[in-house]
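Colleague: Below is one structure. I have some questions about it.
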Amino acid sequence: MSTRVGVIRGNGIGPEITEATLRVLEATGIGFEWVPVPIGDEGMEQYGHPLPQEAVKLLKELKLAIKAPLLVDKFKGRMYCEHEDGSVGVYPSLNNAIRRELKLFVDPRPIRGVRGISGRYETMDVHIMREITEDVYSGIEHMIGDVAAECTKLTTREAAVRVAEYGFDYARKNGRKKVTCVHKANAVSMADGLFLSCFREVAAKNPDIPSDDYMVDATAYYLAKCPEKFDVIVASNQYGDILSDLAAGLVGSLGLAPGANVGPDGRIVVEASHGAAPDIAGKGIANPIALILSGALLLRHMGRQDQAARVERAVWRVLEERIALTPDLGGTAFTMDVADAIVRCMDEA
Ligand code: ATP
């Protein structure tokens with residue numbers, strides 16, 4: 001029986017990197033049925049809403065999905081999602097709405113350096129657990145006349161404990177050595193103070209895994225200067241967002257940074273850490289590796305560690321042996337050349 005997986009093709013470079021990713025996942029030999037999920041332009045065309053409830057229902061039913069980046073500025077302003085029971089979800093962006101309608105709560109982003117590509121960050125291996133339900137992306141903000149604006153940095157005990165617990169579980173399951181909490185509790189004493197104290201409570205229940213904490217500014221400094229200080233990082237929504245782009249830049253490209261939005265009931269929506277990159281869309285030169293490695297995270301979630309490792313080994317070979325590199329990594333290969341090269345390496349292994 002084939003495994004049904006939802007596919008959100010997105011826009012910008014989305015459709016190009018999706019095609020490459022599906023090509024690689026099909027080469028695993030696992031029978032997949034790709035189920036189109038009408039979100040973004042497709043949602044507007046079919047249901048008159050970028051995130052129709054039909055799509056939310058479908059994603060909840062499928063549990064597994066691959067999401068390419070969506071051009072967020074196409075859907076500006078607040079997003080209102082009306083539910084069957086009459087309640088309304090209000091979100092600051094489409095991406096945020098997808099995560100919160102599905103109750104996805106953490107975005108693990110493993111970022112690793114590549115030999116021969118990442119320069120002095122070749123050995124970097126940092127896994128950022130980004131909380132994705134609250135913080136300054138909660139959508140709680142308003143104008144005060146036209147002279148000021150106020151934005152709430154929402155931090156709840158429930159979400160802070162949940163992401164910290166996920167970080168320690170992740171460390172244990174993946175054989176990682178340390179978990180670090182990132183915060184700015186000296187300046188944002190209540191919101192970040194609560195995030196940090198929840199982390200410390202969870203750390204105390206996980207004494208087998210060493211833990212520590214750093215201020216977010218110091219984290220940025222040490223990530224650039226000595227990234228080996230970090231292993232698993234637990235961060236609130238905005239700090240995780242920014243630090244994962246920084247880490248991706250250090251290893252060489254946003255095109256190398258995968259991610260997965262994880263939620264309850266076995267739900268997962270994997271997606272690259274980067275956006276829709278409209279500056280290079282339609283040219284066939286986008287690096288598909290972040291989404292392909294996100295596909296490997298999906299395989300791990302499905303319990304197909306063997307095939308996930310096969311994909312990852314092939315990706316690493318293509319990169320380290322410079323078999324097919326897109327322009328962001330200094331090469332001249334096209335998106336589908338990279339996918340083809342990965343499939344060839346999978347076959348040869
Ligand atoms: P978002 O806010 O949606 O995350 P962003 O503002 O971080 O988006 P991106 O769309 O991620 O912006 O693009 C940032 C830069 O990185 C752009 O110059 C883009 O071309 C480049 N980039 C992003 N993804 C890729 C990729 N897969 N391959 C090559 N270059 C990429």
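Simple scheme: letters A, B, ... for chains in structure tokens order, numbers from 1 for residues in each chain, numbers from 1 for ligands in the order shown.
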Counting only C-alpha atoms and all ligand atoms, what are the residues, protein, DNA or RNA alike, that approach ligand 1 to within 7 Å? I want them as a PDB file with all heavy atoms, in the first residue's frame.
Modeller:
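Saved result, pocket-v8.pdb, follows:
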ATOM      1  N   PRO A  69       8.202  26.647   0.107  1.00  0.00           N
ATOM      2  CA  PRO A  69       7.956  28.000   0.619  1.00  0.00           C
ATOM      3  C   PRO A  69       6.809  28.719  -0.094  1.00  0.00           C
ATOM      4  O   PRO A  69       6.596  28.529  -1.290  1.00  0.00           O
ATOM      5  CB  PRO A  69       9.276  28.730   0.382  1.00  0.00           C
ATOM      6  CG  PRO A  69      10.194  27.797  -0.294  1.00  0.00           C
ATOM      7  CD  PRO A  69       9.545  26.467  -0.452  1.00  0.00           C
ATOM      8  N   LEU A  71       5.131  32.526  -0.883  1.00  0.00           N
ATOM      9  CA  LEU A  71       5.473  33.956  -0.921  1.00  0.00           C
ATOM     10  C   LEU A  71       4.544  34.695   0.014  1.00  0.00           C
ATOM     11  O   LEU A  71       3.386  34.942  -0.330  1.00  0.00           O
ATOM     12  CB  LEU A  71       5.287  34.492  -2.340  1.00  0.00           C
ATOM     13  CG  LEU A  71       6.519  34.684  -3.198  1.00  0.00           C
ATOM     14  CD1 LEU A  71       6.116  35.279  -4.523  1.00  0.00           C
ATOM     15  CD2 LEU A  71       7.559  35.536  -2.515  1.00  0.00           C
ATOM     16  N   VAL A  72       5.036  35.025   1.203  1.00  0.00           N
ATOM     17  CA  VAL A  72       4.134  35.552   2.212  1.00  0.00           C
ATOM     18  C   VAL A  72       3.589  36.939   1.891  1.00  0.00           C
ATOM     19  O   VAL A  72       2.467  37.263   2.244  1.00  0.00           O
ATOM     20  CB  VAL A  72       4.758  35.529   3.628  1.00  0.00           C
ATOM     21  CG1 VAL A  72       4.737  34.142   4.189  1.00  0.00           C
ATOM     22  CG2 VAL A  72       6.163  36.076   3.602  1.00  0.00           C
ATOM     23  N   SER A 253      24.910  28.329   2.739  1.00  0.00           N
ATOM     24  CA  SER A 253      23.710  28.705   1.993  1.00  0.00           C
ATOM     25  C   SER A 253      22.451  28.327   2.762  1.00  0.00           C
ATOM     26  O   SER A 253      22.416  27.301   3.451  1.00  0.00           O
ATOM     27  CB  SER A 253      23.667  27.985   0.643  1.00  0.00           C
ATOM     28  OG  SER A 253      22.427  28.206   0.000  1.00  0.00           O
ATOM     29  N   LEU A 254      21.439  29.161   2.578  1.00  0.00           N
ATOM     30  CA  LEU A 254      20.118  28.794   3.113  1.00  0.00           C
ATOM     31  C   LEU A 254      19.639  27.512   2.444  1.00  0.00           C
ATOM     32  O   LEU A 254      18.818  26.776   2.997  1.00  0.00           O
ATOM     33  CB  LEU A 254      19.115  29.908   2.821  1.00  0.00           C
ATOM     34  CG  LEU A 254      18.958  30.985   3.887  1.00  0.00           C
ATOM     35  CD1 LEU A 254      18.136  32.137   3.341  1.00  0.00           C
ATOM     36  CD2 LEU A 254      18.288  30.417   5.129  1.00  0.00           C
ATOM     37  N   GLY A 255      20.160  27.236   1.274  1.00  0.00           N
ATOM     38  CA  GLY A 255      19.779  26.034   0.526  1.00  0.00           C
ATOM     39  C   GLY A 255      20.269  24.745   1.156  1.00  0.00           C
ATOM     40  O   GLY A 255      20.032  23.666   0.624  1.00  0.00           O
ATOM     41  N   SER A 273      14.237  25.677   5.605  1.00  0.00           N
ATOM     42  CA  SER A 273      14.242  26.852   6.486  1.00  0.00           C
ATOM     43  C   SER A 273      14.097  28.154   5.696  1.00  0.00           C
ATOM     44  O   SER A 273      13.749  29.181   6.253  1.00  0.00           O
ATOM     45  CB  SER A 273      15.559  26.926   7.267  1.00  0.00           C
ATOM     46  OG  SER A 273      15.683  25.814   8.103  1.00  0.00           O
ATOM     47  N   HIS A 274      14.412  28.099   4.405  1.00  0.00           N
ATOM     48  CA  HIS A 274      14.422  29.345   3.633  1.00  0.00           C
ATOM     49  C   HIS A 274      13.046  29.717   3.095  1.00  0.00           C
ATOM     50  O   HIS A 274      12.098  28.939   3.179  1.00  0.00           O
ATOM     51  CB  HIS A 274      15.433  29.249   2.483  1.00  0.00           C
ATOM     52  CG  HIS A 274      15.177  28.117   1.536  1.00  0.00           C
ATOM     53  ND1 HIS A 274      14.169  28.126   0.626  1.00  0.00           N
ATOM     54  CD2 HIS A 274      15.826  26.927   1.368  1.00  0.00           C
ATOM     55  CE1 HIS A 274      14.190  27.006  -0.079  1.00  0.00           C
ATOM     56  NE2 HIS A 274      15.184  26.249   0.356  1.00  0.00           N
ATOM     57  N   GLY A 275      12.975  30.909   2.509  1.00  0.00           N
ATOM     58  CA  GLY A 275      11.724  31.394   1.938  1.00  0.00           C
ATOM     59  C   GLY A 275      11.630  31.092   0.447  1.00  0.00           C
ATOM     60  O   GLY A 275      12.379  30.250  -0.085  1.00  0.00           O
ATOM     61  N   ALA A 276      10.741  31.809  -0.227  1.00  0.00           N
ATOM     62  CA  ALA A 276      10.428  31.507  -1.628  1.00  0.00           C
ATOM     63  C   ALA A 276      11.439  32.092  -2.622  1.00  0.00           C
ATOM     64  O   ALA A 276      11.315  31.873  -3.830  1.00  0.00           O
ATOM     65  CB  ALA A 276       9.025  32.009  -1.959  1.00  0.00           C
ATOM     66  N   ALA A 277      12.420  32.824  -2.122  1.00  0.00           N
ATOM     67  CA  ALA A 277      13.518  33.366  -2.950  1.00  0.00           C
ATOM     68  C   ALA A 277      13.042  33.891  -4.309  1.00  0.00           C
ATOM     69  O   ALA A 277      13.484  33.402  -5.358  1.00  0.00           O
ATOM     70  CB  ALA A 277      14.606  32.296  -3.130  1.00  0.00           C
ATOM     71  N   PRO A 278      12.170  34.901  -4.330  1.00  0.00           N
ATOM     72  CA  PRO A 278      11.638  35.378  -5.617  1.00  0.00           C
ATOM     73  C   PRO A 278      12.724  35.901  -6.558  1.00  0.00           C
ATOM     74  O   PRO A 278      12.546  35.894  -7.778  1.00  0.00           O
ATOM     75  CB  PRO A 278      10.673  36.507  -5.207  1.00  0.00           C
ATOM     76  CG  PRO A 278      10.976  36.830  -3.790  1.00  0.00           C
ATOM     77  CD  PRO A 278      11.594  35.619  -3.182  1.00  0.00           C
ATOM     78  N   ASP A 279      13.877  36.311  -5.986  1.00  0.00           N
ATOM     79  CA  ASP A 279      14.958  36.849  -6.840  1.00  0.00           C
ATOM     80  C   ASP A 279      15.524  35.809  -7.806  1.00  0.00           C
ATOM     81  O   ASP A 279      16.077  36.166  -8.842  1.00  0.00           O
ATOM     82  CB  ASP A 279      16.082  37.469  -5.970  1.00  0.00           C
ATOM     83  CG  ASP A 279      16.583  36.549  -4.858  1.00  0.00           C
ATOM     84  OD1 ASP A 279      15.833  35.647  -4.426  1.00  0.00           O
ATOM     85  OD2 ASP A 279      17.743  36.726  -4.417  1.00  0.00           O
ATOM     86  N   ILE A 280      15.396  34.513  -7.481  1.00  0.00           N
ATOM     87  CA  ILE A 280      15.961  33.499  -8.399  1.00  0.00           C
ATOM     88  C   ILE A 280      14.878  32.551  -8.929  1.00  0.00           C
ATOM     89  O   ILE A 280      15.186  31.574  -9.612  1.00  0.00           O
ATOM     90  CB  ILE A 280      17.090  32.678  -7.712  1.00  0.00           C
ATOM     91  CG1 ILE A 280      16.594  32.031  -6.404  1.00  0.00           C
ATOM     92  CG2 ILE A 280      18.322  33.525  -7.476  1.00  0.00           C
ATOM     93  CD1 ILE A 280      17.517  30.937  -5.887  1.00  0.00           C
ATOM     94  N   ALA A 286      17.629  27.163  -8.216  1.00  0.00           N
ATOM     95  CA  ALA A 286      17.494  27.095  -6.749  1.00  0.00           C
ATOM     96  C   ALA A 286      18.130  25.816  -6.239  1.00  0.00           C
ATOM     97  O   ALA A 286      18.060  24.771  -6.890  1.00  0.00           O
ATOM     98  CB  ALA A 286      16.016  27.125  -6.367  1.00  0.00           C
ATOM     99  N   ASN A 287      18.735  25.917  -5.093  1.00  0.00           N
ATOM    100  CA  ASN A 287      19.322  24.738  -4.454  1.00  0.00           C
ATOM    101  C   ASN A 287      18.196  23.924  -3.804  1.00  0.00           C
ATOM    102  O   ASN A 287      17.529  24.420  -2.901  1.00  0.00           O
ATOM    103  CB  ASN A 287      20.327  25.214  -3.402  1.00  0.00           C
ATOM    104  CG  ASN A 287      21.118  24.075  -2.793  1.00  0.00           C
ATOM    105  OD1 ASN A 287      20.735  22.916  -2.937  1.00  0.00           O
ATOM    106  ND2 ASN A 287      22.193  24.409  -2.118  1.00  0.00           N
ATOM    107  N   PRO A 288      17.988  22.689  -4.224  1.00  0.00           N
ATOM    108  CA  PRO A 288      16.879  21.913  -3.662  1.00  0.00           C
ATOM    109  C   PRO A 288      17.252  21.140  -2.403  1.00  0.00           C
ATOM    110  O   PRO A 288      16.422  20.431  -1.831  1.00  0.00           O
ATOM    111  CB  PRO A 288      16.567  20.927  -4.799  1.00  0.00           C
ATOM    112  CG  PRO A 288      17.907  20.659  -5.419  1.00  0.00           C
ATOM    113  CD  PRO A 288      18.699  21.950  -5.290  1.00  0.00           C
ATOM    114  N   ALA A 290      17.974  21.773   0.776  1.00  0.00           N
ATOM    115  CA  ALA A 290      17.284  21.974   2.064  1.00  0.00           C
ATOM    116  C   ALA A 290      15.958  21.208   2.079  1.00  0.00           C
ATOM    117  O   ALA A 290      15.605  20.571   3.073  1.00  0.00           O
ATOM    118  CB  ALA A 290      17.049  23.463   2.311  1.00  0.00           C
ATOM    119  N   ASP A 328      24.420  29.138  -5.674  1.00  0.00           N
ATOM    120  CA  ASP A 328      24.600  29.629  -4.297  1.00  0.00           C
ATOM    121  C   ASP A 328      25.802  28.969  -3.634  1.00  0.00           C
ATOM    122  O   ASP A 328      26.360  29.508  -2.673  1.00  0.00           O
ATOM    123  CB  ASP A 328      23.323  29.384  -3.461  1.00  0.00           C
ATOM    124  CG  ASP A 328      22.911  27.924  -3.466  1.00  0.00           C
ATOM    125  OD1 ASP A 328      22.784  27.362  -4.564  1.00  0.00           O
ATOM    126  OD2 ASP A 328      22.729  27.350  -2.384  1.00  0.00           O
TER     127      ASP A 328
END
Colleague: Taking 5 positions as the minimum chain separation for residues in the same chain, which residues sit within 12 Å of A:Ile292 when counting only C-alpha atoms? Answer as a PyMOL selection string.
Modeller: chain A and resi 16-27+66-68+255-260+270-273+287+297-299+308+310-316+335-336+338-340+342-343
Colleague: Quick one: residues within 7 Å of A:Lys184, only C-alpha atoms, excluding same-chain residues fewer than 3 positions away - as a count of residues only?
Modeller: 5
Colleague: Quick one: everything within 6 Å of stretch 281-284 of chain A, counting only C-alpha atoms, minus sequence neighbours fewer than 6 positions away in the same chain. Send it as a CSV table (one decimal) with N, CA, C and O atoms, in the first residue's frame.
Modeller:
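Saved as part29.csv:
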chain,number,residue,atom,x,y,z
A,12,GLY,N,7.3,31.1,-5.9
A,12,GLY,CA,8.7,31.4,-6.0
A,12,GLY,C,9.4,30.2,-6.5
A,12,GLY,O,9.0,29.5,-7.4
A,13,ILE,N,10.5,29.8,-5.7
A,13,ILE,CA,11.3,28.6,-6.1
A,13,ILE,C,10.6,27.3,-5.7
A,13,ILE,O,11.0,26.2,-6.0
A,334,PHE,N,21.9,23.0,-12.4
A,334,PHE,CA,20.5,23.4,-12.3
A,334,PHE,C,19.9,22.5,-11.2
A,334,PHE,O,20.5,21.5,-10.8
A,335,THR,N,18.7,23.0,-10.7
A,335,THR,CA,18.0,22.3,-9.6
A,335,THR,C,17.9,20.8,-9.9
A,335,THR,O,18.2,20.0,-9.0
Colleague: Based on DSSP run over this structure's backbone, return all residues of stretch 124-345 of chain A in strand (DSSP E or B), as a PyMOL selection string.
Modeller: chain A and resi 125-131+135+141-144+148-151+154+179-183+211-215+232-235+260-262+268-270
Colleague: Which neighbours of stretch 81-96 of chain A fall inside 6 Å, counting only C-alpha atoms, when residues of the same chain fewer than 3 positions from it are skipped, and could you give them as a list in words?
Modeller: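 Answer for this query is Arg78, Arg99 and Gly139 of chain A.
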Colleague: Which residues come within 9 Å of A:His127, counting only C-alpha atoms, excluding same-chain residues fewer than 3 positions away, as a list in words?
Modeller: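 Those residues are Pro108, Arg109, Pro110, Ile111, Arg112, Phe230, Asp231, Val232, Ile233, Val234 and Ser244 of chain A.
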Colleague: Fewer than 2 positions away in the same chain doesn't count, so skip those; otherwise give me all residues within 12 Å of A:Glu42, counting only C-alpha atoms, as a list of chain:residue names.
Modeller: A:Val7, A:Ile8, A:Arg9, A:Gly10, A:Asn11, A:Pro36, A:Val37, A:Pro38, A:Ile39, A:Gly40, A:Met44, A:Glu45, A:Gln46, A:Tyr47, A:Gly48, A:His49, A:Pro50, A:Leu51, A:Pro52, A:Glu54, A:Ala55, A:Leu70
Colleague: Under the rule of at most 8 Å, produce a per-residue listing of stretch 49-133 of chain A near stretch 152-174 of chain A: chain, number, name, the closest pair of atoms, and the distance in Å, as a tab-separated table, using only C-alpha atoms.
Modeller:
residue	atom	partner	partner_atom	distance
A:Phe105	CA	A:Val163	CA	7.4
A:Val106	CA	A:Val163	CA	6.4
A:Met129	CA	A:Gly167	CA	6.3
A:Arg130	CA	A:Val163	CA	7.8
A:Glu131	CA	A:Val163	CA	6.0
A:Thr133	CA	A:Ala159	CA	7.5
Colleague: Rounded to one decimal, what separation in Å do you get between atom CA of A:Leu329 and atom CA of A:Asp306?
Modeller: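 The value is 27.7 Å.
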Colleague: Could you pull out all residues of stretch 61-299 of chain A with a DSSP call of alpha helix (DSSP H) and give them as a ChimeraX atom specification?
Modeller: /A:61-62,94-101,157-173,191-204,216-225,237-251,289-299
Colleague: Point out the residue among A:Leu59, A:Ile268, A:Ile30, A:Leu319 with the least atom-to-atom distance to A:Arg304, counting only C-alpha atoms.
Modeller: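 Looking only at the distances to A:Arg304, the closest residue turns out to be A:Ile30.
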Colleague: Which residue out of A:Met346, A:Ile323, A:Ile144, A:Ile128 has the minimum interatomic distance to A:Ala309 when only C-alpha atoms are used?
Modeller: A:Met346
Colleague: For A:Tyr121, which residue out of A:Leu291, A:Leu246, A:Val179, A:Ala65 is the nearest one, using only C-alpha atoms?
Modeller: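 Nearest to A:Tyr121: A:Leu246.
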Colleague: For a test of reading the model, state the distance in Å between atom CA of A:Thr123 and atom CA of A:Asn206, rounded to one decimal.
Modeller: 26.9 Å
